Every structure is written in structure tokens, then in C-alpha cells.
Amino acid sequence: MTACPTPKPAARRPLAPGSVAVVLGTRPELVKLAPLIHELGPATRLVHTGQHWDEAMSGRFLRDLGLPSPELLTGVGGRPRAGQIAQSLGQLDASFAEHRPAAVVVQGDTNATLAGALAANARDIPLVHVEAGLRSFDRAMPEEHNRVMVDHVADLLCAATPDNAANLRAESLAEERIALTGNTVVEVVRGSLPDAAARAALLARHGLTADGYVLATVHRPENTDTAEALGAVLAELDRIARAGTPVLFPMHPRTRAAVERFGLEGLLERLAVTGPVGYADFLGLARHAALLVSDSGGVQEECTVLGRPLLVVRRSTERPEAVEAGFAALVAPGAGLGEHARTWLADTPERLARLAATPSPYGDGLASARIAGLTADLTAGQVGTPAGALPTAA
């Protein structure tokens, strides 16, 4: 893995108000696209498919991130994957037919991402894929299929890291479509992390001591769809708590339902269980955790900006950069998770000092400015070597 070079973004061409449709459908997309939406400013036309929509959480994220009210699709949430994509695609096509955008922006690998990409492609609208080139090489992951398909129809592929760009070249995607931009996560974390006083108050509210607890999140189907997998994760968290290290466990609604369905409530007794927390609070808690345990894709990036160690409870990852840089390790549910956690907790001061001195592999915090400039160039037909892009050589 090579470091991400950081030339300054070039000045960008003006964009007409409402000319760039930013299509998203989940809370992580809201977080990752927030700085780009702010960079695009009045040019943004925010379209939310409703894949993850509820006023308590999604509405809160919109307000907390200072985002405009979205054009909200209907009847998408709660459907299976094919139903979500189909329902979103039909409504997006009608919307783009009535008010044609100059460009469509999608991020990552969700069902909303694929629907937005297909809708743009069907109408021959220039498509920008933020966080292009992620690959887990695990075809059992629906997200892997989504991200591959989106990359192959996108006109501008915004690769966060040199490894991502290399993945795109390996699939024979045209060099002139690839731009190395860095990842928006760097500016998101820097801009959203509460200040020191607020973080101290947050820890006091939860009864925690800095560098003295584990913060855990579990929500992916591979860890919640069977009693064996979920029980194995919770049993190891329980052992950590029994050994004397507090474990804070903000529980995703899917995980809570699975715990009840499988009768695993007993494994929660020693954990400090809360409901989902806001993004800023999560970052504040993560910033002072001795160890993070999670199956989240976003946390794999955020930990590199926060300088915190992470055990990734998954069978594969599309973000190997955090592992290669020493921030994270990939572990399976079960005894290996506990053993790894105990080893890492035993050298917490040394590990935290080492990670504090290790730069994030995700860039310099200027990704959104680069992507906004590239998008403006794309709408003007300047696709060749886009102005403001990082060099594409790995």
C-alpha cells in the first residue's frame, strides 16, 4: 500500500443550483457524503431513497450534519434487496425524467447506490462514484456485487486510496475515468469530533475512563442472522467485561431483535448496553476507547483518523488499508476474538502511542473539494485528465 499524495484541489467551475443529484439511502452515506454536499452547496439536489429512513435517526443525522431536506422516495425501506433496488429505480427514473440533473453522485455500495447508478445510466446522465474501487473479493457479500456494477457504469471513479485505484485498473476500467481523491471520512471525523470538554462530559455521562474501556458495535447480517455467530461475539464481549474492562455496546435495532429472537439476553448482563448513539457522540466515545470491536465498514476508516485499534469481526474486508497500516485486525466470531482483544488490551499504552504517530491511509482531508471540482469538470465535458485530481500513479 502506498501513501496518498496530497496536491491541493484546483479551482472549480460554477455549478447551477440543484444541478447535481446526490442519491443516498442509509445513515453511513449521509455521514460520508455530508462534506461533499457542503462543498457542492446550492448545486446539491439531495435524494434519499428511504432504504434506512426513520425520523428519529435519519432525520437526526440530517439535522446534526446540517444537510438540506431531501427529496424522499417512498415504499423502499423494509423490502428485500431486489425490491429496494426496483422500487428506488422506478422513482429515480421518473424524477430524473422530469428534472434532469447535470450529474448524479453516489457513494459506496448500498442498494441506493446501485439504484442511483442504474437510473443515471438509463438516462445517460454523467455518474460520479465516490469511494470507487473497494473490493472484498467475497462474492457472498451483496455489497460486493453492488460496488462492482456501479464502478463499471460510472463516468468518474473517485478512488480513495492507491489500492482502490489499482483494483479498478485490474478490471480494465479506463485510466481517464479514475481519480485518486482521498476519502471524505478524514474531514468528516475531524469536523464532527466533539471538543475535549464535550468528550470528557460524554465519558462521565457513561461512567467511563479514557483509554480504559471497549466500544463495540455489531449489526451486519453475517453476525446477526444466526444464534451461533451472534452468541459467539456476545460471549467474547461478556468475557472481556468479566475480566474487568468495561464494554460499552450501543445496540443496533437489528441486533436487539436478533438477541431477543435467539434468547441471548443473558450475554448482555455485564455489558453497558445503550440504544444507537449520534455520530458525534460515537466518535467521541471511540476517540478514548482502549479498543474498538465492530463489523462496520465506516469504523474501519474512522479508527485510522482517531488513532484507535479495531478488531473487525468479519470474514473479509473491502478496506484492507486499516489492517495494513496496523490499526485493525480481521477476526472471526469466537475464541479468536477474545484472545486478540486480551492481547491488544495488555499493551494499550504502547499501541495507542504507536497509532497516534501513524498517519491515516485515507488522505489529507481535502477529498470533498477534489470530488466537487471533478464533478464540475465532468458536467462541462472535461473528463480526460480531470482538474484537481490527485496523480493516479500508485
# chains A, B, ... in the order shown; residues from 1 in each chain; ligands from 1

call {"tool": "select_by_dssp", "arguments": {"residues": "region 93-303 of chain A", "states": "strand (DSSP E or B)", "output": "mmCIF file with N, CA, C and O atoms, in the first residue's frame"}}
result
data_model
loop_
_atom_site.group_PDB
_atom_site.id
_atom_site.type_symbol
_atom_site.label_atom_id
_atom_site.label_comp_id
_atom_site.auth_asym_id
_atom_site.auth_seq_id
_atom_site.Cartn_x
_atom_site.Cartn_y
_atom_site.Cartn_z
ATOM 1 N N ALA A 103 -25.471 15.914 -13.342
ATOM 2 C CA ALA A 103 -24.675 14.767 -12.901
ATOM 3 C C ALA A 103 -25.374 14.111 -11.723
ATOM 4 O O ALA A 103 -26.160 14.752 -11.017
ATOM 5 N N VAL A 104 -25.065 12.841 -11.524
ATOM 6 C CA VAL A 104 -25.556 12.088 -10.375
ATOM 7 C C VAL A 104 -24.348 11.607 -9.582
ATOM 8 O O VAL A 104 -23.383 11.102 -10.159
ATOM 9 N N VAL A 105 -24.405 11.776 -8.267
ATOM 10 C CA VAL A 105 -23.338 11.322 -7.371
ATOM 11 C C VAL A 105 -23.880 10.223 -6.473
ATOM 12 O O VAL A 105 -24.949 10.381 -5.869
ATOM 13 N N VAL A 106 -23.160 9.109 -6.385
ATOM 14 C CA VAL A 106 -23.477 8.033 -5.442
ATOM 15 C C VAL A 106 -22.211 7.674 -4.696
ATOM 16 O O VAL A 106 -21.096 7.976 -5.149
ATOM 17 N N GLN A 107 -22.369 7.022 -3.542
ATOM 18 C CA GLN A 107 -21.223 6.683 -2.703
ATOM 19 C C GLN A 107 -21.299 5.241 -2.243
ATOM 20 O O GLN A 107 -22.356 4.756 -1.843
ATOM 21 N N LEU A 127 -22.223 10.020 -14.284
ATOM 22 C CA LEU A 127 -22.292 9.395 -12.963
ATOM 23 C C LEU A 127 -20.946 9.475 -12.259
ATOM 24 O O LEU A 127 -19.914 9.089 -12.819
ATOM 25 N N VAL A 128 -20.978 9.945 -11.016
ATOM 26 C CA VAL A 128 -19.792 10.026 -10.167
ATOM 27 C C VAL A 128 -19.928 8.987 -9.060
ATOM 28 O O VAL A 128 -20.930 8.970 -8.339
ATOM 29 N N HIS A 129 -18.922 8.125 -8.926
ATOM 30 C CA HIS A 129 -18.932 7.130 -7.846
ATOM 31 C C HIS A 129 -17.869 7.494 -6.830
ATOM 32 O O HIS A 129 -16.660 7.407 -7.095
ATOM 33 N N VAL A 130 -18.308 7.925 -5.660
ATOM 34 C CA VAL A 130 -17.418 8.254 -4.552
ATOM 35 C C VAL A 130 -17.069 6.967 -3.811
ATOM 36 O O VAL A 130 -17.943 6.157 -3.515
ATOM 37 N N GLU A 131 -15.797 6.785 -3.505
ATOM 38 C CA GLU A 131 -15.294 5.569 -2.881
ATOM 39 C C GLU A 131 -15.362 4.392 -3.853
ATOM 40 O O GLU A 131 -15.773 3.286 -3.519
ATOM 41 N N ALA A 132 -14.915 4.662 -5.070
ATOM 42 C CA ALA A 132 -14.846 3.622 -6.088
ATOM 43 C C ALA A 132 -13.658 2.694 -5.813
ATOM 44 O O ALA A 132 -12.693 3.068 -5.151
ATOM 45 N N LEU A 156 -16.994 8.819 -13.657
ATOM 46 C CA LEU A 156 -15.900 9.327 -12.846
ATOM 47 C C LEU A 156 -15.779 8.449 -11.605
ATOM 48 O O LEU A 156 -16.723 8.333 -10.822
ATOM 49 N N LEU A 157 -14.613 7.826 -11.438
ATOM 50 C CA LEU A 157 -14.371 6.876 -10.361
ATOM 51 C C LEU A 157 -13.432 7.527 -9.353
ATOM 52 O O LEU A 157 -12.227 7.653 -9.586
ATOM 53 N N CYS A 158 -13.988 7.967 -8.230
ATOM 54 C CA CYS A 158 -13.229 8.653 -7.197
ATOM 55 C C CYS A 158 -12.682 7.625 -6.221
ATOM 56 O O CYS A 158 -13.365 7.206 -5.287
ATOM 57 N N ALA A 159 -11.451 7.204 -6.448
ATOM 58 C CA ALA A 159 -10.815 6.181 -5.630
ATOM 59 C C ALA A 159 -10.186 6.831 -4.409
ATOM 60 O O ALA A 159 -9.440 7.808 -4.526
ATOM 61 N N ILE A 178 -10.482 7.346 -13.796
ATOM 62 C CA ILE A 178 -10.046 7.107 -12.417
ATOM 63 C C ILE A 178 -9.354 8.344 -11.863
ATOM 64 O O ILE A 178 -8.448 8.901 -12.489
ATOM 65 N N ALA A 179 -9.771 8.782 -10.688
ATOM 66 C CA ALA A 179 -9.111 9.883 -9.992
ATOM 67 C C ALA A 179 -8.861 9.480 -8.550
ATOM 68 O O ALA A 179 -9.762 8.982 -7.870
ATOM 69 N N LEU A 180 -7.647 9.682 -8.086
ATOM 70 C CA LEU A 180 -7.289 9.379 -6.703
ATOM 71 C C LEU A 180 -7.572 10.618 -5.859
ATOM 72 O O LEU A 180 -6.932 11.657 -6.026
ATOM 73 N N VAL A 214 -13.797 -0.806 26.278
ATOM 74 C CA VAL A 214 -14.003 -1.300 24.917
ATOM 75 C C VAL A 214 -15.322 -0.729 24.401
ATOM 76 O O VAL A 214 -16.324 -0.707 25.129
ATOM 77 N N LEU A 215 -15.324 -0.256 23.157
ATOM 78 C CA LEU A 215 -16.538 0.193 22.488
ATOM 79 C C LEU A 215 -16.839 -0.793 21.370
ATOM 80 O O LEU A 215 -15.992 -1.026 20.496
ATOM 81 N N ALA A 216 -18.042 -1.395 21.401
ATOM 82 C CA ALA A 216 -18.375 -2.457 20.444
ATOM 83 C C ALA A 216 -19.667 -2.148 19.711
ATOM 84 O O ALA A 216 -20.627 -1.639 20.305
ATOM 85 N N THR A 217 -19.698 -2.451 18.419
ATOM 86 C CA THR A 217 -20.933 -2.389 17.626
ATOM 87 C C THR A 217 -20.998 -3.625 16.735
ATOM 88 O O THR A 217 -19.984 -4.068 16.196
ATOM 89 N N VAL A 247 -17.324 -2.743 28.824
ATOM 90 C CA VAL A 247 -17.665 -2.833 27.401
ATOM 91 C C VAL A 247 -18.938 -2.026 27.165
ATOM 92 O O VAL A 247 -20.011 -2.381 27.682
ATOM 93 N N LEU A 248 -18.815 -0.944 26.407
ATOM 94 C CA LEU A 248 -19.974 -0.136 26.023
ATOM 95 C C LEU A 248 -20.492 -0.668 24.702
ATOM 96 O O LEU A 248 -19.737 -0.802 23.734
ATOM 97 N N PHE A 249 -21.791 -0.949 24.653
ATOM 98 C CA PHE A 249 -22.365 -1.635 23.496
ATOM 99 C C PHE A 249 -23.616 -0.903 23.009
ATOM 100 O O PHE A 249 -24.732 -1.251 23.379
ATOM 101 N N PRO A 250 -23.455 0.145 22.176
ATOM 102 C CA PRO A 250 -24.626 0.761 21.547
ATOM 103 C C PRO A 250 -25.249 -0.247 20.569
ATOM 104 O O PRO A 250 -24.600 -0.661 19.607
ATOM 105 N N ALA A 272 -22.468 -2.669 29.102
ATOM 106 C CA ALA A 272 -23.171 -1.392 29.237
ATOM 107 C C ALA A 272 -23.909 -1.147 27.936
ATOM 108 O O ALA A 272 -23.361 -0.574 26.983
ATOM 109 N N VAL A 273 -25.150 -1.618 27.866
ATOM 110 C CA VAL A 273 -25.930 -1.558 26.627
ATOM 111 C C VAL A 273 -26.678 -0.235 26.545
ATOM 112 O O VAL A 273 -27.321 0.197 27.511
ATOM 113 N N THR A 274 -26.587 0.418 25.384
ATOM 114 C CA THR A 274 -27.356 1.626 25.126
ATOM 115 C C THR A 274 -28.066 1.456 23.791
ATOM 116 O O THR A 274 -27.794 0.529 23.032
ATOM 117 N N LEU A 291 -10.003 -0.029 22.943
ATOM 118 C CA LEU A 291 -10.164 -0.969 21.846
ATOM 119 C C LEU A 291 -11.563 -0.825 21.263
ATOM 120 O O LEU A 291 -12.537 -0.674 21.998
ATOM 121 N N LEU A 292 -11.647 -0.865 19.940
ATOM 122 C CA LEU A 292 -12.919 -0.909 19.239
ATOM 123 C C LEU A 292 -13.139 -2.325 18.719
ATOM 124 O O LEU A 292 -12.199 -2.974 18.242
ATOM 125 N N VAL A 293 -14.365 -2.795 18.798
ATOM 126 C CA VAL A 293 -14.754 -4.084 18.220
ATOM 127 C C VAL A 293 -15.979 -3.819 17.376
ATOM 128 O O VAL A 293 -17.005 -3.339 17.880
ATOM 129 N N SER A 294 -15.903 -4.101 16.077
ATOM 130 C CA SER A 294 -17.017 -3.728 15.208
ATOM 131 C C SER A 294 -16.983 -4.506 13.907
ATOM 132 O O SER A 294 -15.928 -4.999 13.484
#

call {"tool": "residues_around", "arguments": {"residues": "Tyr213 (chain A)", "least_positions_apart": "6", "cutoff": "12 Å", "atoms": "only C-alpha atoms", "output": "list in words"}}
result
Leu203, His206, Gly207, Leu237, Ile240, Ala241, Ala243, Gly244, Thr245, Pro246, Val247, Leu248, Phe249, Leu271, Ala272, Leu285, Ala286, Arg287, His288, Ala289, Ala290, Leu291, Leu292, Val293, Arg308, Ala341, Leu345 and Thr348 of chain A

call {"tool": "residues_around", "arguments": {"residues": "Arg261 (chain A)", "least_positions_apart": "5", "cutoff": "12 Å", "atoms": "only C-alpha atoms", "output": "list in words"}}
result
Thr224, Asp225, Thr226, Ala227, Leu230, Gly231, Arg254, Thr255 and Arg256 of chain A

call {"tool": "write_last_selection", "arguments": {"atoms": "N, CA, C and O atoms", "output": "mmCIF file, in the first residue's frame"}}
result
data_model
loop_
_atom_site.group_PDB
_atom_site.id
_atom_site.type_symbol
_atom_site.label_atom_id
_atom_site.label_comp_id
_atom_site.auth_asym_id
_atom_site.auth_seq_id
_atom_site.Cartn_x
_atom_site.Cartn_y
_atom_site.Cartn_z
ATOM 1 N N THR A 224 -25.470 -11.379 12.789
ATOM 2 C CA THR A 224 -26.755 -11.302 13.497
ATOM 3 C C THR A 224 -27.807 -12.273 12.978
ATOM 4 O O THR A 224 -28.861 -12.414 13.601
ATOM 5 N N ASP A 225 -27.529 -12.940 11.875
ATOM 6 C CA ASP A 225 -28.558 -13.797 11.283
ATOM 7 C C ASP A 225 -28.626 -15.192 11.902
ATOM 8 O O ASP A 225 -29.579 -15.925 11.650
ATOM 9 N N THR A 226 -27.604 -15.568 12.664
ATOM 10 C CA THR A 226 -27.646 -16.885 13.320
ATOM 11 C C THR A 226 -27.307 -16.734 14.799
ATOM 12 O O THR A 226 -26.519 -15.864 15.196
ATOM 13 N N ALA A 227 -27.895 -17.603 15.611
ATOM 14 C CA ALA A 227 -27.613 -17.583 17.046
ATOM 15 C C ALA A 227 -26.150 -17.918 17.318
ATOM 16 O O ALA A 227 -25.543 -17.390 18.262
ATOM 17 N N LEU A 230 -23.897 -14.620 16.461
ATOM 18 C CA LEU A 230 -24.149 -13.539 17.411
ATOM 19 C C LEU A 230 -23.772 -13.964 18.833
ATOM 20 O O LEU A 230 -23.164 -13.189 19.586
ATOM 21 N N GLY A 231 -24.105 -15.196 19.202
ATOM 22 C CA GLY A 231 -23.748 -15.690 20.517
ATOM 23 C C GLY A 231 -22.244 -15.716 20.723
ATOM 24 O O GLY A 231 -21.751 -15.410 21.823
ATOM 25 N N ARG A 254 -31.411 -4.024 14.611
ATOM 26 C CA ARG A 254 -31.358 -5.385 14.063
ATOM 27 C C ARG A 254 -30.738 -6.340 15.078
ATOM 28 O O ARG A 254 -31.199 -7.478 15.249
ATOM 29 N N THR A 255 -29.702 -5.876 15.759
ATOM 30 C CA THR A 255 -29.025 -6.717 16.744
ATOM 31 C C THR A 255 -29.923 -6.978 17.942
ATOM 32 O O THR A 255 -30.003 -8.102 18.453
ATOM 33 N N ARG A 256 -30.617 -5.948 18.393
ATOM 34 C CA ARG A 256 -31.531 -6.118 19.527
ATOM 35 C C ARG A 256 -32.613 -7.155 19.202
ATOM 36 O O ARG A 256 -32.924 -8.027 20.019
#

call {"tool": "residues_around", "arguments": {"residues": "Tyr279 (chain A)", "least_positions_apart": "5", "cutoff": "10 Å", "atoms": "only C-alpha atoms", "output": "JSON, numbers by chain"}}
result
{"A": [27, 28, 31, 60, 61, 64, 65, 189, 192, 193, 284, 285]}

call {"tool": "write_last_selection", "arguments": {"atoms": "all heavy atoms", "output": "tab-separated table (two decimals), in the first residue's frame"}}
result
chain	number	residue	atom	x	y	z
A	27	ARG	N	-27.80	5.84	6.64
A	27	ARG	CA	-27.14	6.80	7.53
A	27	ARG	C	-25.64	6.90	7.26
A	27	ARG	O	-25.10	8.02	7.28
A	27	ARG	CB	-27.44	6.44	8.99
A	27	ARG	CG	-28.88	6.76	9.37
A	27	ARG	CD	-29.23	6.30	10.77
A	27	ARG	NE	-29.37	4.86	10.91
A	27	ARG	CZ	-30.46	4.18	10.61
A	27	ARG	NH1	-31.53	4.78	10.14
A	27	ARG	NH2	-30.51	2.87	10.78
A	28	PRO	N	-24.91	5.80	7.03
A	28	PRO	CA	-23.48	5.97	6.71
A	28	PRO	C	-23.25	6.82	5.46
A	28	PRO	O	-22.27	7.57	5.40
A	28	PRO	CB	-23.00	4.52	6.52
A	28	PRO	CG	-23.91	3.71	7.38
A	28	PRO	CD	-25.25	4.38	7.25
A	31	VAL	N	-23.43	10.44	6.39
A	31	VAL	CA	-22.21	10.87	7.07
A	31	VAL	C	-21.09	11.09	6.06
A	31	VAL	O	-20.42	12.13	6.06
A	31	VAL	CB	-21.80	9.84	8.13
A	31	VAL	CG1	-20.41	10.12	8.67
A	31	VAL	CG2	-22.82	9.81	9.26
A	60	ARG	N	-32.47	12.94	12.45
A	60	ARG	CA	-31.47	13.48	13.38
A	60	ARG	C	-30.13	13.66	12.68
A	60	ARG	O	-29.44	14.67	12.88
A	60	ARG	CB	-31.34	12.54	14.58
A	60	ARG	CG	-30.25	12.92	15.57
A	60	ARG	CD	-30.20	11.88	16.68
A	60	ARG	NE	-29.12	12.15	17.62
A	60	ARG	CZ	-28.85	11.38	18.66
A	60	ARG	NH1	-29.57	10.30	18.90
A	60	ARG	NH2	-27.85	11.68	19.47
A	61	PHE	N	-29.74	12.68	11.87
A	61	PHE	CA	-28.47	12.79	11.16
A	61	PHE	C	-28.49	13.98	10.21
A	61	PHE	O	-27.51	14.72	10.10
A	61	PHE	CB	-28.18	11.50	10.37
A	61	PHE	CG	-27.44	10.46	11.16
A	61	PHE	CD1	-27.95	9.98	12.36
A	61	PHE	CD2	-26.25	9.94	10.71
A	61	PHE	CE1	-27.28	9.02	13.10
A	61	PHE	CE2	-25.56	8.98	11.43
A	61	PHE	CZ	-26.08	8.51	12.63
A	64	ASP	N	-28.11	17.05	12.43
A	64	ASP	CA	-26.80	17.13	13.06
A	64	ASP	C	-25.71	17.48	12.04
A	64	ASP	O	-24.73	18.16	12.38
A	64	ASP	CB	-26.44	15.80	13.73
A	64	ASP	CG	-27.24	15.55	15.00
A	64	ASP	OD1	-27.97	16.46	15.44
A	64	ASP	OD2	-27.15	14.43	15.54
A	65	LEU	N	-25.87	17.01	10.82
A	65	LEU	CA	-24.86	17.24	9.79
A	65	LEU	C	-25.11	18.50	8.98
A	65	LEU	O	-24.34	18.84	8.08
A	65	LEU	CB	-24.79	16.03	8.85
A	65	LEU	CG	-24.31	14.72	9.49
A	65	LEU	CD1	-24.60	13.53	8.58
A	65	LEU	CD2	-22.82	14.79	9.81
A	189	VAL	N	-14.61	13.04	10.16
A	189	VAL	CA	-14.22	12.80	11.54
A	189	VAL	C	-13.66	14.07	12.18
A	189	VAL	O	-14.02	14.44	13.30
A	189	VAL	CB	-13.19	11.65	11.63
A	189	VAL	CG1	-12.64	11.52	13.05
A	189	VAL	CG2	-13.84	10.34	11.20
A	192	SER	N	-16.56	16.47	12.88
A	192	SER	CA	-17.65	16.01	13.73
A	192	SER	C	-17.22	15.63	15.15
A	192	SER	O	-18.07	15.50	16.03
A	192	SER	CB	-18.34	14.78	13.09
A	192	SER	OG	-18.84	15.10	11.80
A	193	LEU	N	-15.93	15.43	15.36
A	193	LEU	CA	-15.45	15.01	16.68
A	193	LEU	C	-15.69	16.12	17.70
A	193	LEU	O	-15.25	17.26	17.51
A	193	LEU	CB	-13.96	14.68	16.60
A	193	LEU	CG	-13.31	14.18	17.89
A	193	LEU	CD1	-13.87	12.81	18.28
A	193	LEU	CD2	-11.79	14.10	17.72
A	284	GLY	N	-16.81	10.61	19.71
A	284	GLY	CA	-16.26	11.00	20.99
A	284	GLY	C	-15.95	9.79	21.86
A	284	GLY	O	-14.90	9.74	22.53
A	285	LEU	N	-16.84	8.81	21.85
A	285	LEU	CA	-16.60	7.58	22.61
A	285	LEU	C	-15.48	6.75	22.00
A	285	LEU	O	-14.65	6.18	22.71
A	285	LEU	CB	-17.90	6.76	22.67
A	285	LEU	CG	-19.04	7.39	23.47
A	285	LEU	CD1	-20.35	6.67	23.18
A	285	LEU	CD2	-18.72	7.35	24.97

call {"tool": "atom_distance", "arguments": {"atom1": "CA of Gln51 (chain A)", "atom2": "CA of Gly90 (chain A)"}}
result
14.2 Å
